[in-house]
Amino acid sequence: MEKFIWTSQQAALPALDYGRVERWIASVAAAHGKVLGPLAYIFCDDECILSVNRQFLSHDYYTDIITFDNSRGRMVSGDMFISLDTVKSNAEGIGAEYEQELMRVIIHGVLHLCGINDKGPGEREVMEAHENAALDMWSAMDE
């Protein structure tokens, strides 16, 4: 069984070195004491993620990522919908490079699967610290 599925709906797949991204994700999961199970990334546009948000979460707003957690014990597994439209607008809004913001969102979903939350008091700062540590790992990887 494949550990990673990279697909898209209503958007083009981003031009990434997927082998490098997969090694990075595995390293981040390992740093959190986790092993990888199947992970599916579905890149989409804003309308698609809004539809997913409405259908499965009863939320009526755009977001950059929706993570469906199928993890069991130490194994992280799940499906992650990423709106490339929102990633782009968020990057522009904070003055970040698009690829850097995309990598942050890609790892954000894995961090959720590792048990890190971002909705409660003080949790956003904890998530950001873990995202930054993961992005440092990404930057340190050999091209």
# chains A, B, ... in the order shown; residues from 1 in each chain; ligands from 1
call {"tool": "residues_around", "arguments": {"residues": "region 6-20 of chain A", "least_positions_apart": "5", "cutoff": "6 Å", "atoms": "only C-alpha atoms", "output": "ChimeraX atom specification"}}
result
/A:41-45
call {"tool": "write_last_selection", "arguments": {"atoms": "C-alpha atoms", "output": "short mmCIF file (atom, residue, chain, number, x, y, z; two decimals), in the first residue's frame"}}
result
data_model
loop_
_atom_site.label_atom_id
_atom_site.label_comp_id
_atom_site.auth_asym_id
_atom_site.auth_seq_id
_atom_site.Cartn_x
_atom_site.Cartn_y
_atom_site.Cartn_z
CA TYR A 41 -3.32 15.05 -0.02
CA ILE A 42 -6.05 16.49 -2.20
CA PHE A 43 -5.17 19.89 -3.65
CA CYS A 44 -8.21 21.88 -4.67
CA ASP A 45 -9.64 25.36 -5.19
#
call {"tool": "select_by_dssp", "arguments": {"residues": "region 55-97 of chain A", "states": "helix (DSSP H, G or I)", "output": "list in words"}}
result
Gln55, Phe56, Leu57, Leu84, Asp85, Thr86, Val87, Lys88, Ser89, Asn90, Ala91, Glu92, Gly93 and Ile94 of chain A
call {"tool": "residues_around", "arguments": {"residues": "region 72-75 of chain A", "least_positions_apart": "4", "cutoff": "7 Å", "atoms": "only C-alpha atoms", "output": "PDB file with all heavy atoms, in the first residue's frame"}}
result
ATOM      1  N   LYS A  34       5.864   9.337  15.976  1.00  0.00           N
ATOM      2  CA  LYS A  34       4.824   8.708  15.151  1.00  0.00           C
ATOM      3  C   LYS A  34       5.433   7.996  13.953  1.00  0.00           C
ATOM      4  O   LYS A  34       6.541   8.311  13.521  1.00  0.00           O
ATOM      5  CB  LYS A  34       3.820   9.759  14.655  1.00  0.00           C
ATOM      6  CG  LYS A  34       3.182  10.601  15.749  1.00  0.00           C
ATOM      7  CD  LYS A  34       2.255   9.781  16.618  1.00  0.00           C
ATOM      8  CE  LYS A  34       1.547  10.671  17.646  1.00  0.00           C
ATOM      9  NZ  LYS A  34       0.601   9.916  18.452  1.00  0.00           N
ATOM     10  N   VAL A  35       4.679   7.061  13.407  1.00  0.00           N
ATOM     11  CA  VAL A  35       5.038   6.396  12.159  1.00  0.00           C
ATOM     12  C   VAL A  35       3.941   6.690  11.145  1.00  0.00           C
ATOM     13  O   VAL A  35       2.794   6.959  11.507  1.00  0.00           O
ATOM     14  CB  VAL A  35       5.215   4.868  12.341  1.00  0.00           C
ATOM     15  CG1 VAL A  35       6.380   4.569  13.268  1.00  0.00           C
ATOM     16  CG2 VAL A  35       3.941   4.222  12.859  1.00  0.00           C
ATOM     17  N   LEU A  36       4.321   6.622   9.879  1.00  0.00           N
ATOM     18  CA  LEU A  36       3.364   6.969   8.831  1.00  0.00           C
ATOM     19  C   LEU A  36       2.498   5.799   8.421  1.00  0.00           C
ATOM     20  O   LEU A  36       2.986   4.695   8.189  1.00  0.00           O
ATOM     21  CB  LEU A  36       4.102   7.470   7.584  1.00  0.00           C
ATOM     22  CG  LEU A  36       4.827   8.798   7.690  1.00  0.00           C
ATOM     23  CD1 LEU A  36       5.417   9.163   6.334  1.00  0.00           C
ATOM     24  CD2 LEU A  36       3.925   9.902   8.203  1.00  0.00           C
ATOM     25  N   GLY A  37       1.214   6.093   8.337  1.00  0.00           N
ATOM     26  CA  GLY A  37       0.263   5.233   7.658  1.00  0.00           C
ATOM     27  C   GLY A  37      -0.094   5.938   6.364  1.00  0.00           C
ATOM     28  O   GLY A  37       0.587   6.886   5.960  1.00  0.00           O
TER      29      GLY A  37
END
call {"tool": "atom_distance", "arguments": {"atom1": "CA of Ile5 (chain A)", "atom2": "CA of Leu111 (chain A)"}}
result
17.6 Å
call {"tool": "select_by_dssp", "arguments": {"residues": "chain A", "states": "strand (DSSP E or B)", "output": "MDAnalysis selection string"}}
result
chainID A and resid 4:9 35:44 65:69 72 75:83
call {"tool": "residues_around", "arguments": {"residues": "Phe4 (chain A)", "least_positions_apart": "2", "cutoff": "7 Å", "atoms": "only C-alpha atoms", "output": "compact mmCIF listing (two decimals) with N, CA and C atoms, in the first residue's frame"}}
result
# COMPACT_ATOMS: atom_id res chain seq x y z
N GLU A 2 0.50 2.20 -0.82
CA GLU A 2 1.24 3.46 -0.86
C GLU A 2 1.01 4.25 0.41
N TRP A 6 -1.04 11.76 -3.79
CA TRP A 6 -1.05 13.18 -4.15
C TRP A 6 -2.01 13.33 -5.33
N PRO A 38 -1.16 5.54 5.73
CA PRO A 38 -1.56 6.19 4.48
C PRO A 38 -1.95 7.66 4.68
N LEU A 39 -1.40 8.52 3.84
CA LEU A 39 -1.72 9.95 3.85
C LEU A 39 -2.16 10.34 2.44
N ALA A 40 -3.31 10.97 2.35
CA ALA A 40 -3.81 11.45 1.06
C ALA A 40 -3.89 12.97 1.10
call {"tool": "residues_around", "arguments": {"residues": "Arg104 (chain A)", "least_positions_apart": "2", "cutoff": "9 Å", "atoms": "only C-alpha atoms", "output": "list in words"}}
result
Glu99, Gln100, Glu101, Leu102, Ile106, Ile107, His108, Gly109, Glu131, Asn132, Ala134 and Leu135 of chain A
call {"tool": "write_last_selection", "arguments": {"atoms": "N, CA, C and O atoms", "output": "mmCIF file, in the first residue's frame"}}
result
data_model
loop_
_atom_site.group_PDB
_atom_site.id
_atom_site.type_symbol
_atom_site.label_atom_id
_atom_site.label_comp_id
_atom_site.auth_asym_id
_atom_site.auth_seq_id
_atom_site.Cartn_x
_atom_site.Cartn_y
_atom_site.Cartn_z
ATOM 1 N N GLU A 99 5.475 29.019 -1.950
ATOM 2 C CA GLU A 99 5.925 27.660 -1.629
ATOM 3 C C GLU A 99 6.110 27.484 -0.126
ATOM 4 O O GLU A 99 5.771 26.435 0.422
ATOM 5 N N GLN A 100 6.631 28.498 0.542
ATOM 6 C CA GLN A 100 6.826 28.406 1.995
ATOM 7 C C GLN A 100 5.479 28.244 2.708
ATOM 8 O O GLN A 100 5.343 27.430 3.624
ATOM 9 N N GLU A 101 4.487 28.994 2.275
ATOM 10 C CA GLU A 101 3.154 28.880 2.882
ATOM 11 C C GLU A 101 2.533 27.524 2.555
ATOM 12 O O GLU A 101 1.902 26.901 3.419
ATOM 13 N N LEU A 102 2.739 27.039 1.343
ATOM 14 C CA LEU A 102 2.226 25.721 0.978
ATOM 15 C C LEU A 102 2.860 24.639 1.850
ATOM 16 O O LEU A 102 2.162 23.748 2.346
ATOM 17 N N ILE A 106 0.949 22.044 4.297
ATOM 18 C CA ILE A 106 1.134 20.596 4.143
ATOM 19 C C ILE A 106 1.497 19.972 5.486
ATOM 20 O O ILE A 106 0.948 18.945 5.869
ATOM 21 N N ILE A 107 2.409 20.588 6.225
ATOM 22 C CA ILE A 107 2.837 19.990 7.493
ATOM 23 C C ILE A 107 1.820 20.255 8.602
ATOM 24 O O ILE A 107 1.723 19.476 9.560
ATOM 25 N N HIS A 108 1.045 21.312 8.480
ATOM 26 C CA HIS A 108 0.001 21.616 9.468
ATOM 27 C C HIS A 108 -0.941 20.423 9.627
ATOM 28 O O HIS A 108 -1.285 20.037 10.752
ATOM 29 N N GLY A 109 -1.344 19.848 8.506
ATOM 30 C CA GLY A 109 -2.227 18.690 8.576
ATOM 31 C C GLY A 109 -1.593 17.516 9.295
ATOM 32 O O GLY A 109 -2.227 16.850 10.119
ATOM 33 N N GLU A 131 5.031 24.141 13.647
ATOM 34 C CA GLU A 131 5.161 24.429 12.211
ATOM 35 C C GLU A 131 6.534 25.014 11.907
ATOM 36 O O GLU A 131 7.195 24.595 10.950
ATOM 37 N N ASN A 132 6.961 25.970 12.720
ATOM 38 C CA ASN A 132 8.264 26.602 12.486
ATOM 39 C C ASN A 132 9.403 25.606 12.630
ATOM 40 O O ASN A 132 10.355 25.618 11.837
ATOM 41 N N ALA A 134 9.188 22.394 12.068
ATOM 42 C CA ALA A 134 9.111 21.533 10.889
ATOM 43 C C ALA A 134 9.662 22.246 9.653
ATOM 44 O O ALA A 134 10.380 21.643 8.844
ATOM 45 N N LEU A 135 9.351 23.529 9.504
ATOM 46 C CA LEU A 135 9.876 24.286 8.366
ATOM 47 C C LEU A 135 11.390 24.424 8.450
ATOM 48 O O LEU A 135 12.080 24.427 7.422
#
call {"tool": "residues_around", "arguments": {"residues": "Asn53 (chain A)", "least_positions_apart": "5", "cutoff": "12 Å", "atoms": "only C-alpha atoms", "output": "list in words"}}
result
Asp46, Glu47, Cys48, Ser58, His59, Asp60, Tyr61, Tyr62, Thr63, Asp64, Ile65, Ile66, Thr67, Phe68, Met80, Phe81, Ile82 and Ser83 of chain A
call {"tool": "write_last_selection", "arguments": {"atoms": "N, CA and C atoms", "output": "tab-separated table (two decimals), in the first residue's frame"}}
result
chain	number	residue	atom	x	y	z
A	46	ASP	N	-10.83	27.03	-3.92
A	46	ASP	CA	-11.65	27.52	-2.81
A	46	ASP	C	-13.06	26.94	-2.83
A	47	GLU	N	-13.67	26.83	-4.02
A	47	GLU	CA	-15.04	26.32	-4.07
A	47	GLU	C	-15.12	24.88	-3.60
A	48	CYS	N	-14.11	24.09	-3.93
A	48	CYS	CA	-14.09	22.69	-3.51
A	48	CYS	C	-13.95	22.60	-1.99
A	58	SER	N	-20.09	21.30	8.55
A	58	SER	CA	-21.16	22.31	8.71
A	58	SER	C	-20.59	23.70	8.96
A	59	HIS	N	-19.44	23.99	8.32
A	59	HIS	CA	-18.83	25.33	8.38
A	59	HIS	C	-19.05	26.00	7.04
A	60	ASP	N	-19.39	27.27	7.06
A	60	ASP	CA	-19.67	28.00	5.82
A	60	ASP	C	-18.59	29.05	5.58
A	61	TYR	N	-17.34	28.59	5.44
A	61	TYR	CA	-16.25	29.53	5.17
A	61	TYR	C	-15.10	28.80	4.48
A	62	TYR	N	-14.26	29.61	3.85
A	62	TYR	CA	-13.07	29.09	3.19
A	62	TYR	C	-12.00	28.83	4.25
A	63	THR	N	-11.12	27.90	3.96
A	63	THR	CA	-10.00	27.61	4.84
A	63	THR	C	-8.86	27.07	3.99
A	64	ASP	N	-7.67	27.03	4.55
A	64	ASP	CA	-6.54	26.54	3.77
A	64	ASP	C	-6.45	25.02	3.77
A	65	ILE	N	-6.83	24.38	4.89
A	65	ILE	CA	-6.73	22.92	4.98
A	65	ILE	C	-7.84	22.36	5.85
A	66	ILE	N	-8.31	21.20	5.44
A	66	ILE	CA	-9.23	20.41	6.25
A	66	ILE	C	-8.59	19.03	6.37
A	67	THR	N	-8.41	18.57	7.60
A	67	THR	CA	-7.76	17.29	7.86
A	67	THR	C	-8.77	16.31	8.43
A	68	PHE	N	-8.87	15.15	7.79
A	68	PHE	CA	-9.69	14.06	8.29
A	68	PHE	C	-8.74	13.02	8.88
A	80	MET	N	-6.19	14.96	3.63
A	80	MET	CA	-6.05	16.40	3.82
A	80	MET	C	-6.40	17.14	2.53
A	81	PHE	N	-7.44	17.97	2.61
A	81	PHE	CA	-7.82	18.83	1.49
A	81	PHE	C	-7.13	20.17	1.69
A	82	ILE	N	-6.42	20.63	0.66
A	82	ILE	CA	-5.71	21.91	0.73
A	82	ILE	C	-6.19	22.81	-0.40
A	83	SER	N	-6.73	23.98	-0.03
A	83	SER	CA	-7.14	24.95	-1.04
A	83	SER	C	-5.93	25.77	-1.47
call {"tool": "decode", "arguments": {"residues": "region 46-78 of chain A", "atoms": "C-alpha atoms", "output": "PDB file, in the first residue's frame"}}
result
ATOM      1  CA  ASP A  46     -11.655  27.524  -2.813  1.00  0.00           C
ATOM      2  CA  GLU A  47     -15.043  26.322  -4.069  1.00  0.00           C
ATOM      3  CA  CYS A  48     -14.086  22.695  -3.508  1.00  0.00           C
ATOM      4  CA  ILE A  49     -12.834  23.264   0.040  1.00  0.00           C
ATOM      5  CA  LEU A  50     -15.912  25.339   0.847  1.00  0.00           C
ATOM      6  CA  SER A  51     -18.057  22.435  -0.305  1.00  0.00           C
ATOM      7  CA  VAL A  52     -16.066  19.976   1.840  1.00  0.00           C
ATOM      8  CA  ASN A  53     -16.284  22.354   4.799  1.00  0.00           C
ATOM      9  CA  ARG A  54     -20.058  22.653   4.434  1.00  0.00           C
ATOM     10  CA  GLN A  55     -20.704  18.974   3.791  1.00  0.00           C
ATOM     11  CA  PHE A  56     -18.537  17.408   6.485  1.00  0.00           C
ATOM     12  CA  LEU A  57     -18.065  20.098   9.140  1.00  0.00           C
ATOM     13  CA  SER A  58     -21.157  22.307   8.705  1.00  0.00           C
ATOM     14  CA  HIS A  59     -18.833  25.326   8.382  1.00  0.00           C
ATOM     15  CA  ASP A  60     -19.671  27.996   5.823  1.00  0.00           C
ATOM     16  CA  TYR A  61     -16.254  29.527   5.169  1.00  0.00           C
ATOM     17  CA  TYR A  62     -13.068  29.089   3.193  1.00  0.00           C
ATOM     18  CA  THR A  63      -9.996  27.608   4.842  1.00  0.00           C
ATOM     19  CA  ASP A  64      -6.543  26.537   3.765  1.00  0.00           C
ATOM     20  CA  ILE A  65      -6.730  22.923   4.975  1.00  0.00           C
ATOM     21  CA  ILE A  66      -9.230  20.407   6.255  1.00  0.00           C
ATOM     22  CA  THR A  67      -7.761  17.291   7.860  1.00  0.00           C
ATOM     23  CA  PHE A  68      -9.688  14.060   8.291  1.00  0.00           C
ATOM     24  CA  ASP A  69      -7.918  11.973  10.925  1.00  0.00           C
ATOM     25  CA  ASN A  70      -7.727   8.202  10.513  1.00  0.00           C
ATOM     26  CA  SER A  71      -4.789   7.743  12.904  1.00  0.00           C
ATOM     27  CA  ARG A  72      -4.508   4.757  15.232  1.00  0.00           C
ATOM     28  CA  GLY A  73      -2.064   4.719  18.125  1.00  0.00           C
ATOM     29  CA  ARG A  74       1.386   5.781  16.907  1.00  0.00           C
ATOM     30  CA  MET A  75       0.361   5.546  13.233  1.00  0.00           C
ATOM     31  CA  VAL A  76      -0.669   8.831  11.624  1.00  0.00           C
ATOM     32  CA  SER A  77      -3.073   8.514   8.743  1.00  0.00           C
ATOM     33  CA  GLY A  78      -5.602  10.793   7.132  1.00  0.00           C
TER      34      GLY A  78
END
